[in-house]
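Trainee: Before I ask anything, here is the structure I am working with.
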Amino acid sequence: MTSPDSHVLVIGECVADVVRTDGAPDTVHPGGSPANVAYGLARLGRPATLLTQLGDDANGRLIRAHLESAGVVVRAAGVARTPSAVVRLDGQGRARYTFDIGWTLPPTELAEAPGAIHLGSIGAVTDPGAAAVLALVERWRGRAQISYDPNVRPALMGERAQAVRRVERCVALSDVVKASDEDLAWLYPGEEADTVARRWLALGPAVVAVTLGADGAFALTAEGGHARAAAVPVPVADTVGAGDSFTAAFLHARAAGADLAGCLTQAVTAAALTVSRPGANPPSTAELTAALTQAG
């Protein structure tokens, strides 16, 4: 476990989310799961650096300004065009994605030791950049807390069996793993989320947390601990970034010394605040504290 003020290195993609709904003009929001986690951590007061790629274009400048507004330090390799995704929302605000993205992170050395490293989503499993990500994580394993969120995007994952092998390699490198029930359903069709979580624990993590949408979330530990939290009911603007807000709040609470139930409570509350407003807009410390106080 890291200290509350320890530095977190987040590695992975930035994506310009072009949000599209029927009868309304397109809107562009900064996105990308790792970028959202870095932003969410910074909003909660954790020093965060994002190792990523960005183009020198309007979307890249938008994303950089967004991240830096929260205090995220952005280390970005240059690419010709900032990755993007068309996000289509249904009548309940649920998001479906169509991607225009590549991942080409070069080999990277760190000037200073991070307290924690978070990886996930496209950047952890998409070549050629994934090789650089995993090499960096393997070098720092045992010296920094490693966390991972597969954030499965089926259109980009390739053949399922190979995707499972890649995901399980990342799980085995990690101390904390978060996944959604939708992630697990795609990776392991027909299996119960609880069964998969227990199997993942056997690969090496100390904690596996699983989000269940409207049914809340649960977490298991390698020491036999178990906790569950109900979802916080709110009017849904859209679900963009909800899982990333959960991840950021869970990691922040764990680093601050909260018990497993407390980590889940903070995480589901942060996710609820995010779905109540458009885009990947996680709460600040003050907003999260107020919501937790109001909930009693």
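Residues are referred to by chain and number: the chain letter is A, B, ... according to the order shown in the structure tokens, the number counts from 1 in that chain, and ligands are numbered separately from 1 in the order shown.
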Which parts of range 94-241 of chain A does DSSP call helix (DSSP H, G or I) when run on the backbone here, written out as JSON, numbers by chain?

Mentor: {"A": [122, 123, 124, 125, 129, 130, 131, 132, 133, 134, 135, 136, 137, 138, 139, 140, 154, 155, 156, 157, 160, 161, 162, 163, 164, 165, 166, 167, 168, 169, 170, 171, 172, 173, 181, 182, 183, 184, 185, 186, 187, 193, 194, 195, 196, 197, 198, 199, 200, 201, 213, 214, 215]}

Trainee: Hey, could you make a per-residue contact list for range 76-176 of chain A against range 253-258 of chain A with 10 Å as the cut-off, showing the nearest pair of atoms and its distance in Å to one decimal, counting only C-alpha atoms, sorted by chain and number, as JSON lines?

Mentor:
{"residue": "A:Gly115", "atom": "CA", "partner": "A:Ala255", "partner_atom": "CA", "distance": 9.9}
{"residue": "A:Ala116", "atom": "CA", "partner": "A:Ala255", "partner_atom": "CA", "distance": 9.5}
{"residue": "A:Gln145", "atom": "CA", "partner": "A:Ala255", "partner_atom": "CA", "distance": 9.7}
{"residue": "A:Val176", "atom": "CA", "partner": "A:Arg254", "partner_atom": "CA", "distance": 9.8}

Trainee: Those same residues, written as a short mmCIF file (atom, residue, chain, number, x, y, z; two decimals), in the first residue's frame with N, CA and C atoms?

Mentor:
data_model
loop_
_atom_site.label_atom_id
_atom_site.label_comp_id
_atom_site.auth_asym_id
_atom_site.auth_seq_id
_atom_site.Cartn_x
_atom_site.Cartn_y
_atom_site.Cartn_z
N GLY A 115 5.31 5.89 -6.76
CA GLY A 115 4.77 5.09 -5.67
C GLY A 115 3.84 4.01 -6.18
N ALA A 116 3.21 4.26 -7.34
CA ALA A 116 2.26 3.31 -7.91
C ALA A 116 2.25 3.49 -9.42
N GLN A 145 3.33 -0.14 -6.34
CA GLN A 145 2.06 -0.86 -6.41
C GLN A 145 1.55 -0.79 -7.84
N VAL A 176 -3.51 -4.74 -7.60
CA VAL A 176 -4.94 -4.41 -7.54
C VAL A 176 -5.50 -4.48 -8.95
#

Trainee: Taking the DSSP secondary structure from the backbone, can you list the residues of range 88-295 of chain A that are strand (DSSP E or B), as an MDAnalysis selection string?

Mentor: chainID A and resid 88:89 95:100 116:120 141 144:149 176:180 207:211 217:221 226:229

Trainee: Give the answer as one residue: which of A:Pro128, A:Gly78, A:Gly262, A:Pro34 has the shortest atom-to-atom distance to Gly55 in chain A, using only C-alpha atoms?

Mentor: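 Closest residue, counting only C-alpha atoms: A:Gly78.
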
Trainee: Please, which residues in range 123-208 of chain A fall within 10 Å of range 96-100 of chain A when counting only C-alpha atoms, and what is the closest atom pair and distance in Å to one decimal for each, ordered by chain then residue number, as JSON lines?

Mentor:
{"residue": "A:Arg153", "atom": "CA", "partner": "A:Tyr97", "partner_atom": "CA", "distance": 8.2}
{"residue": "A:Pro154", "atom": "CA", "partner": "A:Tyr97", "partner_atom": "CA", "distance": 9.8}
{"residue": "A:Ala155", "atom": "CA", "partner": "A:Thr98", "partner_atom": "CA", "distance": 7.8}
{"residue": "A:Leu156", "atom": "CA", "partner": "A:Phe99", "partner_atom": "CA", "distance": 8.1}

Trainee: For the residues selected in the previous step, produce a file with N, CA, C and O atoms as a PDB file, in the first residue's frame.

Mentor:
ATOM      1  N   ARG A 153     -12.439  -3.466 -24.826  1.00  0.00           N
ATOM      2  CA  ARG A 153     -13.066  -2.910 -26.026  1.00  0.00           C
ATOM      3  C   ARG A 153     -13.054  -4.008 -27.091  1.00  0.00           C
ATOM      4  O   ARG A 153     -12.049  -4.193 -27.785  1.00  0.00           O
ATOM      5  N   PRO A 154     -14.142  -4.780 -27.216  1.00  0.00           N
ATOM      6  CA  PRO A 154     -14.122  -5.952 -28.087  1.00  0.00           C
ATOM      7  C   PRO A 154     -13.660  -5.680 -29.509  1.00  0.00           C
ATOM      8  O   PRO A 154     -12.965  -6.518 -30.111  1.00  0.00           O
ATOM      9  N   ALA A 155     -13.993  -4.516 -30.053  1.00  0.00           N
ATOM     10  CA  ALA A 155     -13.614  -4.209 -31.434  1.00  0.00           C
ATOM     11  C   ALA A 155     -12.106  -4.110 -31.617  1.00  0.00           C
ATOM     12  O   ALA A 155     -11.610  -4.210 -32.752  1.00  0.00           O
ATOM     13  N   LEU A 156     -11.368  -3.929 -30.516  1.00  0.00           N
ATOM     14  CA  LEU A 156      -9.920  -3.749 -30.594  1.00  0.00           C
ATOM     15  C   LEU A 156      -9.139  -4.898 -29.970  1.00  0.00           C
ATOM     16  O   LEU A 156      -7.909  -4.876 -29.970  1.00  0.00           O
TER      17      LEU A 156
END

Trainee: Which residues come within 6 Å of Lys178 in chain A, counting only C-alpha atoms, excluding same-chain residues fewer than 2 positions away, as JSON, numbers by chain?

Mentor: {"A": [149, 208, 209, 210]}

Trainee: Measuring atom to atom with only C-alpha atoms, identify which of A:Cys14, A:Ala172, A:Leu41, A:Ala271 is nearest to Gly204 in chain A.

Mentor: A:Ala172

Trainee: Between CA of Val37 in chain A and CA of Gly71 in chain A, what is the spacing in Å?

Mentor: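 Computing the Euclidean distance for CA of Gly71 in chain A and CA of Val37 in chain A yields 12.8 Å.
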
Trainee: Just checking: using only C-alpha atoms, which residue out of A:Gly158, A:Gly213, A:Gly12, A:Pro278 ends up closest to Ala38 in chain A?

Mentor: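 Residue with the minimum atom-to-atom distance to Ala38 in chain A: A:Gly12.
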
Trainee: What separation in Å, quoted to one decimal, exists between CA of Glu223 in chain A and CA of Asp194 in chain A?

Mentor: 15.3 Å

Trainee: Mind checking which residues fall within 10 Å of Asp90 in chain A, counting only C-alpha atoms, ignoring those fewer than 5 positions away in the same chain, and posting them as a list in words?

Mentor: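 After dropping sequence-adjacent residues, the list is Arg20, Thr21, Asp22, Ala95, Arg96 and Asp238 of chain A.
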
Trainee: When distances are computed from only C-alpha atoms, which of A:Gly45, A:Pro114, A:Gly224, A:Gly279 shows the smallest separation from Leu260 in chain A?

Mentor: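 The shortest atom-to-atom distance to Leu260 in chain A comes from A:Gly224.
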
Trainee: Taking only C-alpha atoms into account, which of A:Val15, A:Ala130, A:Ala124, A:Val167 comes nearest Thr82 in chain A?

Mentor: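 Going through A:Val15, A:Ala130, A:Ala124, A:Val167 one by one, the smallest distance to Thr82 in chain A is for A:Val15.
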
Trainee: What gap, in Å, lies between CA of Gly31 in chain A and CA of Ala76 in chain A?

Mentor: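 Between CA of Gly31 in chain A and CA of Ala76 in chain A the gap works out to 14.8 Å.
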
Trainee: Tell me, as a PyMOL selection string, which residues lie within 12 Å of Val73 in chain A, counting only C-alpha atoms; anything in the same chain fewer than 5 positions away does not count.

Mentor: chain A and resi 7-11+35+38-39+41-42+46-52+64-68

Trainee: Convert the current residue selection to file output with N, CA and C atoms, as a PDB file, in the first residue's frame.

Mentor:
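File written: again_2.pdb
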ATOM      1  N   HIS A   7       3.242   9.455  -5.563  1.00  0.00           N
ATOM      2  CA  HIS A   7       3.059   9.752  -6.973  1.00  0.00           C
ATOM      3  C   HIS A   7       2.591   8.515  -7.742  1.00  0.00           C
ATOM      4  N   VAL A   8       1.619   8.717  -8.623  1.00  0.00           N
ATOM      5  CA  VAL A   8       1.082   7.628  -9.442  1.00  0.00           C
ATOM      6  C   VAL A   8       1.446   7.880 -10.899  1.00  0.00           C
ATOM      7  N   LEU A   9       2.054   6.898 -11.528  1.00  0.00           N
ATOM      8  CA  LEU A   9       2.292   6.934 -12.965  1.00  0.00           C
ATOM      9  C   LEU A   9       1.198   6.121 -13.644  1.00  0.00           C
ATOM     10  N   VAL A  10       0.428   6.765 -14.507  1.00  0.00           N
ATOM     11  CA  VAL A  10      -0.605   6.089 -15.286  1.00  0.00           C
ATOM     12  C   VAL A  10      -0.092   5.969 -16.713  1.00  0.00           C
ATOM     13  N   ILE A  11      -0.228   4.784 -17.284  1.00  0.00           N
ATOM     14  CA  ILE A  11       0.279   4.536 -18.635  1.00  0.00           C
ATOM     15  C   ILE A  11      -0.869   4.100 -19.531  1.00  0.00           C
ATOM     16  N   ALA A  35      -6.289   7.922 -19.270  1.00  0.00           N
ATOM     17  CA  ALA A  35      -6.316   9.377 -19.098  1.00  0.00           C
ATOM     18  C   ALA A  35      -7.382   9.769 -18.075  1.00  0.00           C
ATOM     19  N   ALA A  38      -6.060   8.996 -14.568  1.00  0.00           N
ATOM     20  CA  ALA A  38      -5.092  10.009 -14.137  1.00  0.00           C
ATOM     21  C   ALA A  38      -5.800  11.289 -13.720  1.00  0.00           C
ATOM     22  N   TYR A  39      -6.765  11.718 -14.517  1.00  0.00           N
ATOM     23  CA  TYR A  39      -7.524  12.927 -14.209  1.00  0.00           C
ATOM     24  C   TYR A  39      -8.306  12.744 -12.909  1.00  0.00           C
ATOM     25  N   LEU A  41      -7.630  10.727 -10.377  1.00  0.00           N
ATOM     26  CA  LEU A  41      -6.711  10.730  -9.243  1.00  0.00           C
ATOM     27  C   LEU A  41      -6.293  12.152  -8.885  1.00  0.00           C
ATOM     28  N   ALA A  42      -5.951  12.945  -9.909  1.00  0.00           N
ATOM     29  CA  ALA A  42      -5.530  14.317  -9.655  1.00  0.00           C
ATOM     30  C   ALA A  42      -6.656  15.138  -9.036  1.00  0.00           C
ATOM     31  N   ARG A  46      -4.280  13.313  -5.650  1.00  0.00           N
ATOM     32  CA  ARG A  46      -3.098  12.456  -5.793  1.00  0.00           C
ATOM     33  C   ARG A  46      -2.210  12.976  -6.917  1.00  0.00           C
ATOM     34  N   PRO A  47      -0.903  13.170  -6.689  1.00  0.00           N
ATOM     35  CA  PRO A  47      -0.004  13.553  -7.773  1.00  0.00           C
ATOM     36  C   PRO A  47       0.023  12.465  -8.842  1.00  0.00           C
ATOM     37  N   ALA A  48      -0.235  12.841 -10.086  1.00  0.00           N
ATOM     38  CA  ALA A  48      -0.348  11.851 -11.159  1.00  0.00           C
ATOM     39  C   ALA A  48       0.364  12.333 -12.413  1.00  0.00           C
ATOM     40  N   THR A  49       1.063  11.409 -13.046  1.00  0.00           N
ATOM     41  CA  THR A  49       1.671  11.639 -14.353  1.00  0.00           C
ATOM     42  C   THR A  49       1.052  10.656 -15.330  1.00  0.00           C
ATOM     43  N   LEU A  50       0.740  11.123 -16.526  1.00  0.00           N
ATOM     44  CA  LEU A  50       0.211  10.255 -17.572  1.00  0.00           C
ATOM     45  C   LEU A  50       1.256  10.102 -18.667  1.00  0.00           C
ATOM     46  N   LEU A  51       1.668   8.868 -18.904  1.00  0.00           N
ATOM     47  CA  LEU A  51       2.570   8.524 -19.998  1.00  0.00           C
ATOM     48  C   LEU A  51       1.705   8.052 -21.151  1.00  0.00           C
ATOM     49  N   THR A  52       1.711   8.779 -22.261  1.00  0.00           N
ATOM     50  CA  THR A  52       0.709   8.548 -23.292  1.00  0.00           C
ATOM     51  C   THR A  52       1.236   8.966 -24.663  1.00  0.00           C
ATOM     52  N   ARG A  64      -4.808  17.683 -23.556  1.00  0.00           N
ATOM     53  CA  ARG A  64      -3.701  18.122 -22.710  1.00  0.00           C
ATOM     54  C   ARG A  64      -4.156  19.209 -21.733  1.00  0.00           C
ATOM     55  N   ALA A  65      -4.901  20.194 -22.239  1.00  0.00           N
ATOM     56  CA  ALA A  65      -5.376  21.275 -21.370  1.00  0.00           C
ATOM     57  C   ALA A  65      -6.296  20.736 -20.275  1.00  0.00           C
ATOM     58  N   HIS A  66      -7.144  19.782 -20.646  1.00  0.00           N
ATOM     59  CA  HIS A  66      -8.055  19.161 -19.680  1.00  0.00           C
ATOM     60  C   HIS A  66      -7.275  18.474 -18.565  1.00  0.00           C
ATOM     61  N   LEU A  67      -6.301  17.652 -18.919  1.00  0.00           N
ATOM     62  CA  LEU A  67      -5.526  16.920 -17.927  1.00  0.00           C
ATOM     63  C   LEU A  67      -4.722  17.874 -17.042  1.00  0.00           C
ATOM     64  N   GLU A  68      -4.072  18.842 -17.661  1.00  0.00           N
ATOM     65  CA  GLU A  68      -3.241  19.767 -16.893  1.00  0.00           C
ATOM     66  C   GLU A  68      -4.070  20.656 -15.989  1.00  0.00           C
TER      67      GLU A  68
END

Trainee: Rank nothing, just name the residue among A:Ala58, A:Leu44, A:Ile117, A:Val19 nearest to Ser245 in chain A, using only C-alpha atoms.

Mentor: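 Of the candidates, the smallest distance to Ser245 in chain A is held by A:Leu44.
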
Trainee: Quick one: residues within 8 Å of Gly216 in chain A, only C-alpha atoms, excluding same-chain residues fewer than 6 positions away - as a list of chain:residue names?

Mentor: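 Near Gly216 in chain A, the qualifying residues are A:Arg228, A:Ala229, A:Ala230, A:Ala231, A:Val232, A:Val268.
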
Trainee: Applying 10 Å and only C-alpha atoms, which residues near Ala163 in chain A remain after dropping the ones on its own chain fewer than 3 positions away? List them as a list of chain:residue names.

Mentor: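 Everything that qualifies: A:Val125, A:Thr126, A:Val152, A:Pro154, A:Leu156, A:Met157, A:Gly158, A:Glu159, A:Arg160, A:Arg166, A:Val167, A:Glu168, A:Arg169, A:Leu187.
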
Trainee: Please, could you write that set of residues out with all heavy atoms as a compact mmCIF listing (two decimals), in the first residue's frame?

Mentor:
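As a result, out.txt now contains:
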# COMPACT_ATOMS: atom_id res chain seq x y z
N VAL A 125 -2.74 -3.81 -24.03
CA VAL A 125 -2.85 -5.03 -24.82
C VAL A 125 -2.69 -4.83 -26.33
O VAL A 125 -2.72 -5.80 -27.08
CB VAL A 125 -4.22 -5.74 -24.56
CG1 VAL A 125 -4.32 -6.17 -23.10
CG2 VAL A 125 -5.39 -4.84 -24.93
N THR A 126 -2.51 -3.59 -26.79
CA THR A 126 -2.45 -3.30 -28.22
C THR A 126 -1.02 -3.05 -28.64
O THR A 126 -0.36 -2.12 -28.15
CB THR A 126 -3.32 -2.08 -28.57
OG1 THR A 126 -4.67 -2.33 -28.17
CG2 THR A 126 -3.29 -1.80 -30.07
N VAL A 152 -12.29 -3.65 -21.32
CA VAL A 152 -12.32 -4.38 -22.59
C VAL A 152 -13.08 -3.60 -23.67
O VAL A 152 -14.20 -3.16 -23.46
CB VAL A 152 -12.96 -5.77 -22.39
CG1 VAL A 152 -13.25 -6.43 -23.73
CG2 VAL A 152 -12.04 -6.64 -21.55
N PRO A 154 -14.14 -4.78 -27.22
CA PRO A 154 -14.12 -5.95 -28.09
C PRO A 154 -13.66 -5.68 -29.51
O PRO A 154 -12.96 -6.52 -30.11
CB PRO A 154 -15.58 -6.42 -28.06
CG PRO A 154 -16.06 -6.00 -26.71
CD PRO A 154 -15.41 -4.68 -26.46
N LEU A 156 -11.37 -3.93 -30.52
CA LEU A 156 -9.92 -3.75 -30.59
C LEU A 156 -9.14 -4.90 -29.97
O LEU A 156 -7.91 -4.88 -29.97
CB LEU A 156 -9.52 -2.44 -29.90
CG LEU A 156 -10.13 -1.16 -30.46
CD1 LEU A 156 -9.77 0.02 -29.57
CD2 LEU A 156 -9.67 -0.91 -31.89
N MET A 157 -9.83 -5.89 -29.44
CA MET A 157 -9.17 -6.93 -28.66
C MET A 157 -8.67 -8.10 -29.50
O MET A 157 -7.89 -8.92 -29.01
CB MET A 157 -10.11 -7.46 -27.57
CG MET A 157 -10.52 -6.43 -26.54
SD MET A 157 -9.15 -5.79 -25.56
CE MET A 157 -8.81 -7.19 -24.48
N GLY A 158 -9.13 -8.20 -30.74
CA GLY A 158 -8.71 -9.31 -31.57
C GLY A 158 -9.39 -10.62 -31.15
O GLY A 158 -10.48 -10.61 -30.57
N GLU A 159 -8.72 -11.72 -31.42
CA GLU A 159 -9.28 -13.04 -31.11
C GLU A 159 -9.34 -13.22 -29.60
O GLU A 159 -8.41 -12.88 -28.87
CB GLU A 159 -8.40 -14.10 -31.78
CG GLU A 159 -9.00 -15.49 -31.78
CD GLU A 159 -8.54 -16.27 -30.56
OE1 GLU A 159 -7.43 -16.03 -30.09
OE2 GLU A 159 -9.33 -17.12 -30.08
N ARG A 160 -10.47 -13.80 -29.12
CA ARG A 160 -10.73 -13.81 -27.68
C ARG A 160 -9.65 -14.56 -26.89
O ARG A 160 -9.19 -14.10 -25.84
CB ARG A 160 -12.10 -14.42 -27.39
CG ARG A 160 -12.42 -14.44 -25.88
CD ARG A 160 -13.77 -15.04 -25.59
NE ARG A 160 -14.85 -14.07 -25.78
CZ ARG A 160 -15.71 -14.08 -26.79
NH1 ARG A 160 -15.62 -15.02 -27.73
NH2 ARG A 160 -16.68 -13.18 -26.88
N ARG A 166 -3.43 -12.10 -22.89
CA ARG A 166 -2.83 -10.78 -22.64
C ARG A 166 -3.37 -10.18 -21.34
O ARG A 166 -2.61 -9.63 -20.53
CB ARG A 166 -3.13 -9.84 -23.81
CG ARG A 166 -2.34 -10.15 -25.07
CD ARG A 166 -2.81 -9.28 -26.24
NE ARG A 166 -1.99 -9.44 -27.41
CZ ARG A 166 -1.01 -8.63 -27.78
NH1 ARG A 166 -0.73 -7.58 -27.03
NH2 ARG A 166 -0.31 -8.83 -28.87
N VAL A 167 -4.67 -10.27 -21.15
CA VAL A 167 -5.28 -9.72 -19.94
C VAL A 167 -4.75 -10.44 -18.71
O VAL A 167 -4.39 -9.81 -17.70
CB VAL A 167 -6.81 -9.80 -20.02
CG1 VAL A 167 -7.45 -9.56 -18.66
CG2 VAL A 167 -7.34 -8.81 -21.05
N GLU A 168 -4.67 -11.76 -18.76
CA GLU A 168 -4.22 -12.51 -17.60
C GLU A 168 -2.74 -12.25 -17.29
O GLU A 168 -2.33 -12.28 -16.12
CB GLU A 168 -4.48 -14.00 -17.81
CG GLU A 168 -5.97 -14.33 -17.75
CD GLU A 168 -6.27 -15.81 -17.91
OE1 GLU A 168 -5.34 -16.57 -18.28
OE2 GLU A 168 -7.42 -16.20 -17.68
N ARG A 169 -1.95 -11.93 -18.29
CA ARG A 169 -0.56 -11.54 -18.03
C ARG A 169 -0.53 -10.25 -17.22
O ARG A 169 0.23 -10.12 -16.26
CB ARG A 169 0.20 -11.36 -19.33
CG ARG A 169 1.66 -10.96 -19.13
CD ARG A 169 2.37 -10.72 -20.44
NE ARG A 169 3.75 -10.30 -20.22
CZ ARG A 169 4.55 -9.82 -21.17
NH1 ARG A 169 4.11 -9.74 -22.42
NH2 ARG A 169 5.78 -9.45 -20.89
N LEU A 187 -14.69 -11.70 -21.85
CA LEU A 187 -13.49 -12.53 -21.74
C LEU A 187 -13.81 -13.99 -21.45
O LEU A 187 -13.16 -14.90 -21.98
CB LEU A 187 -12.58 -11.98 -20.63
CG LEU A 187 -11.91 -10.63 -20.90
CD1 LEU A 187 -11.35 -10.05 -19.61
CD2 LEU A 187 -10.80 -10.78 -21.95
